[in-house]
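See structure below.
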Amino acid sequence: MTFAVHGLPVARGIAIGRAVLVVSSRIDVAHYFIKPEEIETEIDRVRTARNAVADELAKLQTSVAQMGPNDAPHELAALLEVHQMLLQDEALTGGVKHWITDRLYNAEWALTTQLEIIARQFDEMEDEYLRERKADLEQVVERLLHRMKGTAAVLAPSPPRRKRPAAEDDDDPTAADGIDAPLVLIAHDLSPADMLQFKKSVFAGFVTDVGGRTSHTAIVARSMDIPAVVGARTASQLVRQDDWVIIDGDAGVVIVDPSPIILAEYGFKQRQGDLERGRLARLRHKPAVTLDGQRVELLANIEMPEDTAGAMKAGAVGVGLFRSEFLFMGRESQRQTRLPDEEEQYQAYKRAVEGMQGMPVTIRTIDVGADKPLDGKAGIKQEHLNPALGLRAIRWSLADPAMFLTQLRAILRAAAHGEIHLLIPMLAHASEIRQTLSLIEFARTELDSRGAVYGKVKLGAMIEIPAAALTLKTFLKYFDFLSIGTNDLIQYTLAIDRADEAVAHLYDPAHPAVLKLVADTIAECRRQGKGVAVCGEMAGDVAFTRLLLGLGLRSFSMHPSRILAVKQEVLRADTGKLEAWAKSVLESDDPASVLAGN
């Protein structure tokens, strides 16, 4: 039966494929694809864990048998017996083997997937006693997961692919019955670390129950240039493994089990999107110059050094934002139990510089906390009452000077290989600025003392909280350039947690207060002859390109997938004519309507 689930559109395009469910668990479970040659290893891991749990239960049964009737009720012995039966049940063991062998899921993912399937069968049982056995099954699986925790294998680079049958109708995406079909990911939520893992795979689209337009799930989905819908609330409960799903990333709609007519309609839309991408690709080598001759800098936002290849392919003229925190995340699933040391970071930054082939690379120092937690072994408590307002970004770095100095030394050393701009996130106070600059100088002193080679860097600060935007002159005394992080600037100006779907509808880039802070920052930097860029989501949204040009912005940094669309807007713009119009937008009580009417 066809039905639709509505959420927030966060990454454009149409995806059609089979559902892959990532099931939530009380235990933090890694999800990744294994290589075919690792199938037996993963099955052995499950078998070893099962044997260990069986022994554990057997010992408990022995202990219970040795107790008196008053110390151990009969129900306890019966319960342990049920757990032993569930542990050996073919529905569990056979299902897990299926997901590992046929889908190349890692063992933990296979277990939680099969748990979800069996649990739904329990839910549908009329007998109350049998329905309640679902909790027993969950406990058994939790025991297995505990046994396997910490034994994850390394992520395989690609998802399972299967050879198509010869007699297949290529015009019908469902004709292959799932074999070689695109896969779409459905989850309650995805951590940044999970997204980093899936980024290395080839999912055609994402759907999550929670999240807002600028949640990290949304940002990374856009970075993969694939359709995504977040805040779909009940999607992970309504969609089942292997369901056919259409993700409409333009409308924020997820259509499950679509009819042939709907499939044909969305197949047409998908092909139209592909044609549009092909047209934009012709602009790659064309300089971004407006009709009145203003040269505009289109830079790339990246998460890992390897992303520079995509930036180059999209025609970026540099990296405007290297989110260095992604080097620090998702390490537990790769069997790395420590944060990256100076040498590892240096090599990563050096690869980014080399990848951009002489063009500048702006590296933002680590911005963790709030919606971007580090792995549990980071050693710093992360449970804050209001994480977005707590210990994050530069506050985190200043609270751990040794970690910060390690990163600064690595960045300074990498600057010997090319042009690097050092960007500091979330500064608010003059004292923080002075403390940060002092540590940068101290990092140079440390490198001098050991005779290490390092290079010069331009220093920049992010303007992402109102306090910074309202004290620009202080910032411009100390920094060579500013970069406006609109995602956080909107969050803090409007007091909206950008990761919370309950208030996502209040997230408004066109709010007059936000636009005024952005306009004032651009104007003050231009007055003082300092560089200024926008590196938040607003920079890659073509709905704002003309406004930002009219406000005087000449440097945009965005995900590489957005560069060509923005370049098309730049090529059609006349900044001389846009200035007066931009002023009228700022003066309006309802800027969104003025923008929409342009």
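Residue numbers start at 1 in each chain; chains themselves are named A, B, ... in the order of the structure tokens; ligands are numbered from 1 in the order shown.
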Range 517-532 of chain A environment, 10 Å, only C-alpha atoms, sequence neighbours closer than 6 positions dropped, as a PyMOL selection string: chain A and resi 460-466+468-473+476-477+479-486+489-490+493+547-548+550-556+582-583+586
Can I get the selected residues back with C-alpha atoms, as a compact mmCIF listing (two decimals), in the first residue's frame?
# COMPACT_ATOMS: atom_id res chain seq x y z
CA GLY A 460 40.44 34.70 10.72
CA ALA A 461 37.51 34.54 13.10
CA MET A 462 34.06 33.18 12.56
CA ILE A 463 31.14 35.49 13.14
CA GLU A 464 28.46 33.11 14.31
CA ILE A 465 27.00 34.56 17.46
CA PRO A 466 25.37 37.99 17.84
CA ALA A 468 30.67 38.80 17.75
CA ALA A 469 28.60 40.48 15.04
CA LEU A 470 27.92 43.43 17.36
CA THR A 471 31.60 43.93 18.28
CA LEU A 472 33.16 43.70 14.84
CA LYS A 473 35.68 46.48 15.38
CA LEU A 476 38.99 43.41 13.07
CA LYS A 477 41.78 44.76 15.30
CA PHE A 479 42.15 39.29 12.53
CA ASP A 480 42.97 39.45 8.82
CA PHE A 481 39.54 38.25 7.73
CA LEU A 482 36.13 37.21 9.02
CA SER A 483 33.91 34.34 7.94
CA ILE A 484 30.19 34.44 8.68
CA GLY A 485 28.86 31.08 9.85
CA THR A 486 25.20 31.62 9.12
CA LEU A 489 24.39 32.86 13.64
CA ILE A 490 20.74 32.09 12.87
CA THR A 493 20.12 35.09 17.00
CA LEU A 547 21.02 39.43 -1.92
CA LEU A 548 24.54 38.66 -0.69
CA GLY A 550 23.91 43.21 -3.42
CA LEU A 551 25.22 43.53 0.14
CA GLY A 552 28.76 43.52 -1.20
CA LEU A 553 29.84 39.95 -0.57
CA ARG A 554 32.42 38.67 -3.03
CA SER A 555 33.51 35.45 -1.30
CA PHE A 556 31.15 32.49 -0.87
CA ALA A 582 19.32 44.56 -1.29
CA LYS A 583 18.80 47.71 0.77
CA LEU A 586 16.95 44.88 4.66
Could you give me, as a tab-separated table (two decimals) with all heavy atoms, in the first residue's frame, the residues within 12 Å of Ala119 in chain A, counting only C-alpha atoms and dropping anything in the same chain fewer than 5 positions from it?
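Final output, saved to part-v5.tsv:
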chain	number	residue	atom	x	y	z
A	23	VAL	N	18.61	0.67	12.85
A	23	VAL	CA	17.74	0.58	14.01
A	23	VAL	C	18.44	1.10	15.25
A	23	VAL	O	19.59	0.79	15.50
A	23	VAL	CB	17.30	-0.88	14.24
A	23	VAL	CG1	16.35	-0.97	15.42
A	23	VAL	CG2	16.66	-1.42	12.99
A	91	ALA	N	15.20	-18.17	13.76
A	91	ALA	CA	14.77	-16.87	13.22
A	91	ALA	C	15.81	-15.80	13.48
A	91	ALA	O	16.03	-14.92	12.65
A	91	ALA	CB	13.43	-16.46	13.82
A	92	LEU	N	16.47	-15.88	14.63
A	92	LEU	CA	17.51	-14.90	14.97
A	92	LEU	C	18.82	-15.25	14.27
A	92	LEU	O	19.38	-14.43	13.54
A	92	LEU	CB	17.71	-14.84	16.48
A	92	LEU	CG	18.78	-13.85	16.96
A	92	LEU	CD1	18.38	-12.42	16.62
A	92	LEU	CD2	19.00	-13.98	18.47
A	111	LEU	N	22.56	-7.87	13.61
A	111	LEU	CA	21.81	-8.26	14.81
A	111	LEU	C	20.65	-7.30	15.09
A	111	LEU	O	19.51	-7.74	15.34
A	111	LEU	CB	22.76	-8.25	16.02
A	111	LEU	CG	23.35	-9.60	16.42
A	111	LEU	CD1	24.43	-9.39	17.48
A	111	LEU	CD2	22.27	-10.53	16.96
A	112	THR	N	20.91	-6.00	15.04
A	112	THR	CA	19.85	-5.04	15.34
A	112	THR	C	18.78	-5.04	14.25
A	112	THR	O	17.61	-4.81	14.54
A	112	THR	CB	20.43	-3.63	15.52
A	112	THR	OG1	21.24	-3.29	14.38
A	112	THR	CG2	21.27	-3.53	16.77
A	113	THR	N	19.19	-5.30	13.02
A	113	THR	CA	18.21	-5.37	11.93
A	113	THR	C	17.27	-6.55	12.14
A	113	THR	O	16.05	-6.44	12.03
A	113	THR	CB	18.93	-5.52	10.58
A	113	THR	OG1	19.74	-4.36	10.35
A	113	THR	CG2	17.93	-5.66	9.43
A	114	GLN	N	17.84	-7.70	12.45
A	114	GLN	CA	17.02	-8.89	12.65
A	114	GLN	C	16.17	-8.75	13.90
A	114	GLN	O	15.02	-9.22	13.95
A	114	GLN	CB	17.91	-10.14	12.72
A	114	GLN	CG	17.15	-11.44	12.65
A	114	GLN	CD	16.31	-11.58	11.37
A	114	GLN	OE1	16.57	-10.92	10.38
A	114	GLN	NE2	15.31	-12.44	11.41
A	124	GLU	N	2.78	-8.15	16.59
A	124	GLU	CA	1.54	-8.52	15.89
A	124	GLU	C	0.85	-9.74	16.49
A	124	GLU	O	-0.23	-10.13	16.06
A	124	GLU	CB	1.86	-8.78	14.41
A	124	GLU	CG	2.28	-7.48	13.68
A	124	GLU	CD	2.87	-7.75	12.32
A	124	GLU	OE1	2.98	-8.95	11.95
A	124	GLU	OE2	3.24	-6.78	11.63
A	125	MET	N	1.47	-10.35	17.49
A	125	MET	CA	0.87	-11.54	18.10
A	125	MET	C	-0.31	-11.15	18.99
A	125	MET	O	-0.27	-10.14	19.69
A	125	MET	CB	1.92	-12.28	18.93
A	125	MET	CG	3.00	-12.92	18.09
A	125	MET	SD	4.28	-13.72	19.11
A	125	MET	CE	5.36	-14.38	17.85
A	130	LEU	N	3.05	-13.99	24.66
A	130	LEU	CA	4.04	-14.07	23.59
A	130	LEU	C	4.52	-12.68	23.19
A	130	LEU	O	5.70	-12.48	22.89
A	130	LEU	CB	3.45	-14.80	22.38
A	130	LEU	CG	3.19	-16.29	22.58
A	130	LEU	CD1	2.53	-16.90	21.36
A	130	LEU	CD2	4.48	-17.04	22.91
A	131	ARG	N	3.60	-11.71	23.18
A	131	ARG	CA	4.00	-10.34	22.83
A	131	ARG	C	5.08	-9.83	23.78
A	131	ARG	O	6.02	-9.14	23.38
A	131	ARG	CB	2.79	-9.39	22.89
A	131	ARG	CG	1.95	-9.36	21.64
A	131	ARG	CD	1.16	-8.06	21.55
A	131	ARG	NE	0.42	-7.72	22.74
A	131	ARG	CZ	-0.80	-8.16	23.03
A	131	ARG	NH1	-1.40	-8.98	22.16
A	131	ARG	NH2	-1.40	-7.81	24.12
A	132	GLU	N	4.92	-10.18	25.04
A	132	GLU	CA	5.87	-9.69	26.04
A	132	GLU	C	7.24	-10.34	25.92
A	132	GLU	O	8.20	-9.89	26.54
A	132	GLU	CB	5.30	-9.92	27.44
A	132	GLU	CG	4.12	-9.01	27.74
A	132	GLU	CD	3.52	-9.28	29.10
A	132	GLU	OE1	3.95	-10.25	29.75
A	132	GLU	OE2	2.63	-8.52	29.51
A	133	ARG	N	7.34	-11.38	25.12
A	133	ARG	CA	8.65	-12.03	24.94
A	133	ARG	C	9.60	-11.14	24.11
A	133	ARG	O	10.77	-11.40	24.00
A	133	ARG	CB	8.50	-13.39	24.29
A	133	ARG	CG	7.69	-14.39	25.10
A	133	ARG	CD	8.42	-14.91	26.35
A	133	ARG	NE	8.71	-13.97	27.39
A	133	ARG	CZ	7.79	-13.51	28.27
A	133	ARG	NH1	6.56	-13.89	28.22
A	133	ARG	NH2	8.16	-12.64	29.20
A	134	LYS	N	9.02	-10.11	23.49
A	134	LYS	CA	9.87	-9.19	22.73
A	134	LYS	C	10.95	-8.58	23.63
A	134	LYS	O	12.10	-8.44	23.24
A	134	LYS	CB	9.02	-8.06	22.12
A	134	LYS	CG	9.85	-7.13	21.24
A	134	LYS	CD	9.00	-6.07	20.58
A	134	LYS	CE	8.78	-4.89	21.51
A	134	LYS	NZ	8.21	-3.73	20.81
A	135	ALA	N	10.55	-8.25	24.85
A	135	ALA	CA	11.53	-7.67	25.78
A	135	ALA	C	12.65	-8.65	26.07
A	135	ALA	O	13.82	-8.27	26.22
A	135	ALA	CB	10.83	-7.26	27.07
A	136	ASP	N	12.31	-9.95	26.15
A	136	ASP	CA	13.35	-10.96	26.38
A	136	ASP	C	14.31	-11.03	25.20
A	136	ASP	O	15.52	-11.14	25.37
A	136	ASP	CB	12.70	-12.33	26.60
A	136	ASP	CG	11.88	-12.36	27.89
A	136	ASP	OD1	12.44	-12.02	28.94
A	136	ASP	OD2	10.70	-12.72	27.82
A	137	LEU	N	13.73	-10.96	24.00
A	137	LEU	CA	14.58	-10.98	22.81
A	137	LEU	C	15.53	-9.78	22.80
A	137	LEU	O	16.73	-9.90	22.50
A	137	LEU	CB	13.72	-10.97	21.55
A	137	LEU	CG	14.50	-10.94	20.24
A	137	LEU	CD1	15.25	-12.23	20.03
A	137	LEU	CD2	13.57	-10.66	19.07
A	138	GLU	N	15.00	-8.63	23.15
A	138	GLU	CA	15.84	-7.42	23.19
A	138	GLU	C	16.98	-7.58	24.18
A	138	GLU	O	18.12	-7.18	23.92
A	138	GLU	CB	14.98	-6.20	23.55
A	138	GLU	CG	14.02	-5.79	22.45
A	138	GLU	CD	13.03	-4.72	22.90
A	138	GLU	OE1	12.86	-4.55	24.13
A	138	GLU	OE2	12.41	-4.10	22.02
A	139	GLN	N	16.68	-8.21	25.31
A	139	GLN	CA	17.73	-8.41	26.31
A	139	GLN	C	18.80	-9.37	25.81
A	139	GLN	O	20.00	-9.18	26.05
A	139	GLN	CB	17.11	-8.93	27.61
A	139	GLN	CG	16.28	-7.88	28.33
A	139	GLN	CD	15.47	-8.46	29.46
A	139	GLN	OE1	15.62	-9.63	29.82
A	139	GLN	NE2	14.59	-7.66	30.04
A	141	VAL	N	19.65	-9.88	22.67
A	141	VAL	CA	20.46	-9.20	21.67
A	141	VAL	C	21.40	-8.19	22.32
A	141	VAL	O	22.55	-8.03	21.91
A	141	VAL	CB	19.55	-8.51	20.62
A	141	VAL	CG1	20.36	-7.62	19.69
A	141	VAL	CG2	18.80	-9.56	19.81
A	237	GLN	N	9.83	3.95	11.80
A	237	GLN	CA	8.88	2.96	12.32
A	237	GLN	C	7.94	2.46	11.23
A	237	GLN	O	7.46	1.33	11.29
A	237	GLN	CB	8.06	3.59	13.45
A	237	GLN	CG	8.89	4.02	14.65
A	237	GLN	CD	8.07	4.80	15.64
A	237	GLN	OE1	6.91	4.52	15.87
A	237	GLN	NE2	8.68	5.81	16.23
Residue neighbourhood Arg18 in chain A, 6 Å, only C-alpha atoms, exclusion window fewer than 3 positions, as a ChimeraX atom specification: /A:183-184,242-244
Residues from the last selection, C-alpha atoms, saved as a compact mmCIF listing (two decimals), in the first residue's frame:
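File part32.txt, as written:
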# COMPACT_ATOMS: atom_id res chain seq x y z
CA LEU A 183 19.79 1.76 -1.48
CA VAL A 184 18.27 4.52 0.62
CA ASP A 242 13.65 -3.59 1.64
CA ASP A 243 10.54 -1.46 1.03
CA TRP A 244 10.71 0.51 -2.20
Residues within 7 Å of Ala232 in chain A, only C-alpha atoms, excluding chain neighbours under 4 positions, as a PyMOL selection string: chain A and resi 5-7+208-210
Spatial neighbours of Glu432 in chain A, 9 Å, only C-alpha atoms, chain gap at least 5 places, as an MDAnalysis selection string: chainID A and resid 394:395 398 427 437
Write a file of the selected residues as an mmCIF file, in the first residue's frame, keeping N, CA, C and O atoms.
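Saved result, result.cif, follows:
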data_model
loop_
_atom_site.group_PDB
_atom_site.id
_atom_site.type_symbol
_atom_site.label_atom_id
_atom_site.label_comp_id
_atom_site.auth_asym_id
_atom_site.auth_seq_id
_atom_site.Cartn_x
_atom_site.Cartn_y
_atom_site.Cartn_z
ATOM 1 N N ILE A 394 35.746 27.012 20.233
ATOM 2 C CA ILE A 394 36.960 27.566 20.835
ATOM 3 C C ILE A 394 36.932 27.422 22.354
ATOM 4 O O ILE A 394 37.978 27.293 22.999
ATOM 5 N N ARG A 395 35.747 27.387 22.932
ATOM 6 C CA ARG A 395 35.677 27.192 24.383
ATOM 7 C C ARG A 395 36.284 25.843 24.763
ATOM 8 O O ARG A 395 36.954 25.704 25.772
ATOM 9 N N LEU A 398 40.133 26.070 24.325
ATOM 10 C CA LEU A 398 40.793 26.812 25.394
ATOM 11 C C LEU A 398 40.743 26.049 26.717
ATOM 12 O O LEU A 398 41.595 26.259 27.588
ATOM 13 N N LEU A 427 34.226 32.645 18.714
ATOM 14 C CA LEU A 427 34.775 33.624 19.654
ATOM 15 C C LEU A 427 33.691 34.631 20.019
ATOM 16 O O LEU A 427 32.872 35.013 19.193
ATOM 17 N N LEU A 437 45.169 34.028 20.509
ATOM 18 C CA LEU A 437 46.360 34.524 19.815
ATOM 19 C C LEU A 437 47.633 34.186 20.597
ATOM 20 O O LEU A 437 48.679 33.882 20.011
#
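Assigned to strand (DSSP E) in range 358-447 of chain A, given DSSP computed from backbone atoms, are Val361, Thr362, Ile363, Arg364, Ile420, His421, Leu422, Leu423 and Ile424 of chain A.
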Range 308-321 of chain A surroundings by only C-alpha atoms, 6 Å radius, close-in-sequence under 6 positions cut, as a PyMOL selection string: chain A and resi 284+298-301+355+359-363+557+560
DSSP helix (DSSP H, G or I) selection over range 292-420 of chain A, as a PyMOL selection string: chain A and resi 305-313+324-327+332-334+342-355+376-378+387-389+394-399+401-417
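Nearest to Ala539 in chain A of all the residues A:Tyr492, A:Asn487, A:Leu275, A:Tyr507 is A:Asn487, based on only C-alpha atoms.
Considering the residues A:Tyr349, A:Phe322, A:Phe475, A:Phe3 and counting only C-alpha atoms, Leu423 in chain A has its shortest atom-to-atom contact with A:Phe322.
Straight-line separation from CA of Leu571 in chain A to CA of Pro287 in chain A: 8.7 Å.
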